[in-house]
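Peer 1: This is the structure, below, for whatever I ask next.
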Amino acid sequence: MPSGGDRPGVTQSDVTVADQMADQMADQIMGNLTAVAIRKAGPGRLGDGKGLELHKGDGAGKWVWRYSFAGKRRQMGLGTWPDVSLADARAQRDKWASVLTQGRDPITERRAEIEAARAEIERDDPTLETLARDVLESRKATLRNDGKAGRWLSPLERHIFPKIGRKPISTIRQHDLKAVLAPIWRTKHPTAEKAIQRLRIVFRQGKLMGYDCDPFTVEAAQHMLGAVIHTPEPIPATPWQDIPDLFARLEGRGTTAACLRFMILTLVRASGCRGARFYEIEGDVWTVPAERMKGQVGKVRDFRVPLSDAAMEIVEARRALGGDYLFAVYSGNPVSDAGLSKFMRDMGESGRPHGFRTSFRTWVQDTDATGWEVSETVLAHTIGGRVERSYARSDMLERRRPVMQAWADYVTVATGAANVVRLGC
């Protein structure tokens, strides 16, 4: 049968009125229902009047209320029969019919009521995911780049939230945590450990916030998962004897290669080098802001790096290209961490960018280039206990200069021209 739009001279409002009249006639024919009549009736559509219908099947049915709002036919489900009785269905119909007479859409109003009720429940008993995100929000000030740099939520978002993230925190037991962590407990143990650590923080913080959760739940889950002897694999590092050759092969190969060369010379981690800006460099000293150094914000200070002659050549060559960042790609953003690793893989180099620090440390050990304390400071490692560090506050900048220059002289020996400025380096 064609719609109102397909019949000449018939408007949509005419069709709506016709539908309403048809419903009223059906109600008059079918009459008001009774509980007995419903039980005796076979499958089909049973009308009770005022838009209320029971769509009955074999042994069960669904209550539906049909109404019009803003010229459109709408249908609201009122529950299943026999769980919802005839009397309850009528009471719901009358309630929402009253809302309709006030010029408001019953379906929209009910949705708002449900959301408000859910929000009320979550205030007293948030889901695991909601609480975890709230905890992250409260800890952002202590994390690098507000927690994004270390991807604080990543292990939870990948392995926990999809399965139990929507469960109220009060309902989560150790068996739930064990079930979601068991598949990765032995196969991806470092990731599982991070998830356990994050969950422990979430439950502990939730307890302090007054929610019904016990940090012991996480401890119990870890105990149930069992002990794992995990031997971490060290990050592949280029042997120090091969660093000069690698440094030479990186020459003139673009921005990513230039950043890798700068990492070799400065021994600063990728997060520090990738985001290097020209204003951070004064003279031959580069000050890396604390937020790009490894460790918790507030416990890590800005780190000064004495730049060797070869490192300064790279700085000046990159400065001639313009921009804010030393190592910006076409988008204007710094080269990515993944881009650095991929570049080395594409070169067929087995080592990784972070391994340059191991290369240097092994060079120091094998050549006795400097003492332990200075070499550890070059790598920005923490030396001594908290009390000792509170008194020994020097960053040994001047003591680091000669060893950084000696390392640069060794690294650049394969190029044979450490003092020549190259715009493409």
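Going by the structure tokens order, chains are called A, B, ..., each with residues numbered from 1, while ligands are numbered from 1 in the order shown.
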Can you list, as a PyMOL selection string, every protein, DNA or RNA residue that comes within 10 Å of A:Val315 when you count only C-alpha atoms, leaving out same-chain residues fewer than 4 positions away?

Peer 2: chain A and resi 258+262+277-278+281+284+307+309-311+319-320+326-327+421+423+425

Peer 1: Take the selection from the previous step and output its residues with N, CA and C atoms, as a PDB file, in the first residue's frame.

Peer 2:
ATOM      1  N   ALA A 258      69.150  12.177  11.661  1.00  0.00           N
ATOM      2  CA  ALA A 258      69.814  13.227  12.442  1.00  0.00           C
ATOM      3  C   ALA A 258      69.479  13.102  13.918  1.00  0.00           C
ATOM      4  N   PHE A 262      72.025  12.422  17.063  1.00  0.00           N
ATOM      5  CA  PHE A 262      72.024  13.264  18.259  1.00  0.00           C
ATOM      6  C   PHE A 262      71.864  12.404  19.508  1.00  0.00           C
ATOM      7  N   ARG A 277      64.054  21.388  21.594  1.00  0.00           N
ATOM      8  CA  ARG A 277      63.761  22.684  20.976  1.00  0.00           C
ATOM      9  C   ARG A 277      65.004  23.559  21.068  1.00  0.00           C
ATOM     10  N   PHE A 278      65.107  24.474  20.149  1.00  0.00           N
ATOM     11  CA  PHE A 278      66.304  25.308  20.082  1.00  0.00           C
ATOM     12  C   PHE A 278      66.459  26.196  21.314  1.00  0.00           C
ATOM     13  N   ILE A 281      68.662  25.176  24.315  1.00  0.00           N
ATOM     14  CA  ILE A 281      70.122  25.135  24.177  1.00  0.00           C
ATOM     15  C   ILE A 281      70.699  26.534  24.334  1.00  0.00           C
ATOM     16  N   ASP A 284      76.794  25.774  24.698  1.00  0.00           N
ATOM     17  CA  ASP A 284      76.973  24.352  24.408  1.00  0.00           C
ATOM     18  C   ASP A 284      76.346  23.479  25.499  1.00  0.00           C
ATOM     19  N   LEU A 307      77.203  19.618  25.430  1.00  0.00           N
ATOM     20  CA  LEU A 307      77.206  19.182  24.039  1.00  0.00           C
ATOM     21  C   LEU A 307      78.622  19.180  23.480  1.00  0.00           C
ATOM     22  N   ASP A 309      81.513  18.870  20.383  1.00  0.00           N
ATOM     23  CA  ASP A 309      81.643  19.607  19.128  1.00  0.00           C
ATOM     24  C   ASP A 309      80.742  19.007  18.047  1.00  0.00           C
ATOM     25  N   ALA A 310      80.721  17.674  17.959  1.00  0.00           N
ATOM     26  CA  ALA A 310      79.908  17.016  16.929  1.00  0.00           C
ATOM     27  C   ALA A 310      78.419  17.254  17.175  1.00  0.00           C
ATOM     28  N   ALA A 311      78.010  17.256  18.443  1.00  0.00           N
ATOM     29  CA  ALA A 311      76.607  17.518  18.762  1.00  0.00           C
ATOM     30  C   ALA A 311      76.226  18.944  18.390  1.00  0.00           C
ATOM     31  N   ARG A 319      69.421  24.123  12.996  1.00  0.00           N
ATOM     32  CA  ARG A 319      68.944  25.494  13.205  1.00  0.00           C
ATOM     33  C   ARG A 319      68.797  26.213  11.858  1.00  0.00           C
ATOM     34  N   ALA A 320      69.713  25.920  10.929  1.00  0.00           N
ATOM     35  CA  ALA A 320      69.673  26.565   9.620  1.00  0.00           C
ATOM     36  C   ALA A 320      68.417  26.210   8.843  1.00  0.00           C
ATOM     37  N   LEU A 326      64.246  20.741  16.869  1.00  0.00           N
ATOM     38  CA  LEU A 326      65.439  20.330  16.151  1.00  0.00           C
ATOM     39  C   LEU A 326      65.114  19.264  15.115  1.00  0.00           C
ATOM     40  N   PHE A 327      64.166  18.377  15.483  1.00  0.00           N
ATOM     41  CA  PHE A 327      63.919  17.215  14.628  1.00  0.00           C
ATOM     42  C   PHE A 327      62.436  17.100  14.293  1.00  0.00           C
ATOM     43  N   VAL A 421      80.960  21.218   9.432  1.00  0.00           N
ATOM     44  CA  VAL A 421      79.508  21.384   9.541  1.00  0.00           C
ATOM     45  C   VAL A 421      78.831  20.850   8.287  1.00  0.00           C
ATOM     46  N   LEU A 423      75.023  20.483   6.589  1.00  0.00           N
ATOM     47  CA  LEU A 423      73.625  20.899   6.708  1.00  0.00           C
ATOM     48  C   LEU A 423      72.702  19.697   6.684  1.00  0.00           C
ATOM     49  N   CYS A 425      73.116  16.750   8.220  1.00  0.00           N
ATOM     50  CA  CYS A 425      73.446  15.742   9.233  1.00  0.00           C
ATOM     51  C   CYS A 425      72.299  15.462  10.155  1.00  0.00           C
TER      52      CYS A 425
END

Peer 1: So which bits of stretch 227-282 of chain A end up helix (DSSP H, G or I) when you DSSP the backbone, as an NGL selection string?

Peer 2: :A and (240-249 or 255-266 or 270-274 or 278-280)

Peer 1: With only C-alpha atoms as the counted atoms, please give the residues lying no more than 6 Å from A:Asp302, apart from itself and same-chain residues fewer than 2 positions off, as a ChimeraX atom specification.

Peer 2: /A:288-290

Peer 1: Take the residues from that selection and put them in a file with N, CA and C atoms, as a PDB file, in the first residue's frame.

Peer 2:
ATOM      1  N   VAL A 288      67.400  19.641  29.279  1.00  0.00           N
ATOM      2  CA  VAL A 288      66.223  18.826  28.968  1.00  0.00           C
ATOM      3  C   VAL A 288      65.211  19.012  30.091  1.00  0.00           C
ATOM      4  N   PRO A 289      63.975  19.485  29.793  1.00  0.00           N
ATOM      5  CA  PRO A 289      62.976  19.700  30.843  1.00  0.00           C
ATOM      6  C   PRO A 289      62.623  18.394  31.566  1.00  0.00           C
ATOM      7  N   ALA A 290      62.287  18.529  32.840  1.00  0.00           N
ATOM      8  CA  ALA A 290      61.992  17.356  33.671  1.00  0.00           C
ATOM      9  C   ALA A 290      60.885  16.497  33.094  1.00  0.00           C
TER      10      ALA A 290
END

Peer 1: Which one of A:Asp245, A:Ala380, A:Met76, A:Ser375 sits closest to A:Pro402 if you count only C-alpha atoms?

Peer 2: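 Of A:Asp245, A:Ala380, A:Met76, A:Ser375, the one nearest A:Pro402 is A:Ser375, counting only C-alpha atoms.
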
Peer 1: Which residues come within 10 Å of stretch 350-354 of chain A, counting only C-alpha atoms, excluding same-chain residues fewer than 5 positions away, as a PDB file with C-alpha atoms, in the first residue's frame?

Peer 2:
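Just written: around.pdb:
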ATOM      1  CA  ILE A 235      66.891  -4.002  24.739  1.00  0.00           C
ATOM      2  CA  PRO A 236      69.109  -4.918  21.776  1.00  0.00           C
ATOM      3  CA  ALA A 237      72.155  -2.655  21.692  1.00  0.00           C
ATOM      4  CA  THR A 238      74.672  -2.026  18.940  1.00  0.00           C
ATOM      5  CA  PRO A 239      78.139  -3.119  20.143  1.00  0.00           C
ATOM      6  CA  CYS A 259      67.832  12.575  15.631  1.00  0.00           C
ATOM      7  CA  LEU A 260      69.437   9.138  15.961  1.00  0.00           C
ATOM      8  CA  ARG A 261      72.899  10.701  15.575  1.00  0.00           C
ATOM      9  CA  MET A 263      70.910  10.425  20.556  1.00  0.00           C
ATOM     10  CA  ILE A 264      74.218   8.654  20.029  1.00  0.00           C
ATOM     11  CA  LEU A 267      72.970   9.625  25.256  1.00  0.00           C
ATOM     12  CA  VAL A 268      69.602  11.166  26.149  1.00  0.00           C
ATOM     13  CA  ARG A 269      66.542   8.927  25.798  1.00  0.00           C
ATOM     14  CA  ALA A 270      64.273   9.191  22.763  1.00  0.00           C
ATOM     15  CA  ASP A 337      59.501   7.116  18.790  1.00  0.00           C
ATOM     16  CA  LEU A 340      63.240   6.007  15.159  1.00  0.00           C
ATOM     17  CA  SER A 341      63.041   2.253  15.742  1.00  0.00           C
ATOM     18  CA  LYS A 342      61.641   1.600  12.273  1.00  0.00           C
ATOM     19  CA  PHE A 343      64.467   3.554  10.666  1.00  0.00           C
ATOM     20  CA  MET A 344      67.037   1.344  12.349  1.00  0.00           C
ATOM     21  CA  ARG A 345      65.169  -1.834  11.416  1.00  0.00           C
ATOM     22  CA  SER A 359      76.776   0.944  23.999  1.00  0.00           C
TER      23      SER A 359
END

Peer 1: Closest to A:Trp63 among A:Ser170, A:Thr80, A:Gln75, A:Thr191, using only C-alpha atoms?

Peer 2: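 That would be A:Thr80, the residue with the smallest distance to A:Trp63.
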
Peer 1: Grab the atom CA of A:Gly77 to atom CA of A:Val64 distance for me, in Å with one decimal place.

Peer 2: 4.6 Å

Peer 1: Would you mind listing what lies within 9 Å of A:Leu246 as a list in words, with only C-alpha atoms counted and same-chain residues fewer than 4 positions away left out?

Peer 2: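 The contact residues come out as Thr238, Asp242, Leu250, Glu251, Arg261, Glu349 and Val411 of chain A.
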
Peer 1: Which polymer residues have any atom within 10 Å of an atom of A:Met209, counting only C-alpha atoms, with same-chain residues fewer than 6 positions away left out, as a PDB file with C-alpha atoms, in the first residue's frame?

Peer 2:
ATOM      1  CA  LEU A 131      37.063   4.871  38.911  1.00  0.00           C
ATOM      2  CA  VAL A 135      42.248   7.976  39.691  1.00  0.00           C
ATOM      3  CA  PHE A 203      41.598  -0.075  44.421  1.00  0.00           C
TER       4      PHE A 203
END

Peer 1: I'd like the interatomic distance between atom CA of A:Trp65 and atom CA of A:Asp83, to a tenth of an Å.

Peer 2: 16.4 Å

Peer 1: For A:Gln241, which residue among A:Glu313, A:Asp366, A:Glu291, A:Glu282 is the nearest when counting only C-alpha atoms?

Peer 2: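 Going through A:Glu313, A:Asp366, A:Glu291, A:Glu282 one by one, the smallest distance to A:Gln241 is for A:Asp366.
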
Peer 1: For a quick check of understanding, using only C-alpha atoms, which of A:Ala132, A:Cys213, A:Leu208, A:Val364 has the smallest distance to A:Trp240?

Peer 2: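 Nearest candidate to A:Trp240 out of A:Ala132, A:Cys213, A:Leu208, A:Val364: A:Val364.
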
Peer 1: Here is a test: counting only C-alpha atoms, which residue of A:Arg151, A:Leu321, A:Ala408, A:Lys194 is nearest to A:Leu265?

Peer 2: A:Ala408

Peer 1: Using atom CA of A:Gln197 and atom CA of A:Gly339 as the two end points, give the distance in Å to one decimal.

Peer 2: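 So the two atoms, atom CA of A:Gln197 and atom CA of A:Gly339, lie 29.0 Å apart.
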
Peer 1: Which residues are close to A:Gly103, i.e. within 10 Å by only C-alpha atoms, leaving aside same-chain residues fewer than 5 positions away? Reply as a PDB file with C-alpha atoms, in the first residue's frame.

Peer 2:
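In the end it all went to result_6.pdb:
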ATOM      1  CA  PHE A  69       4.406  13.152  19.419  1.00  0.00           C
ATOM      2  CA  ALA A  70       5.201  16.113  17.186  1.00  0.00           C
ATOM      3  CA  SER A  98       0.414  12.375  31.658  1.00  0.00           C
TER       4      SER A  98
END

Peer 1: So which one's closest to A:Thr412, A:Ile243, A:Gln92, A:Arg110, A:Pro155? Using only C-alpha atoms, please.

Peer 2: A:Ile243
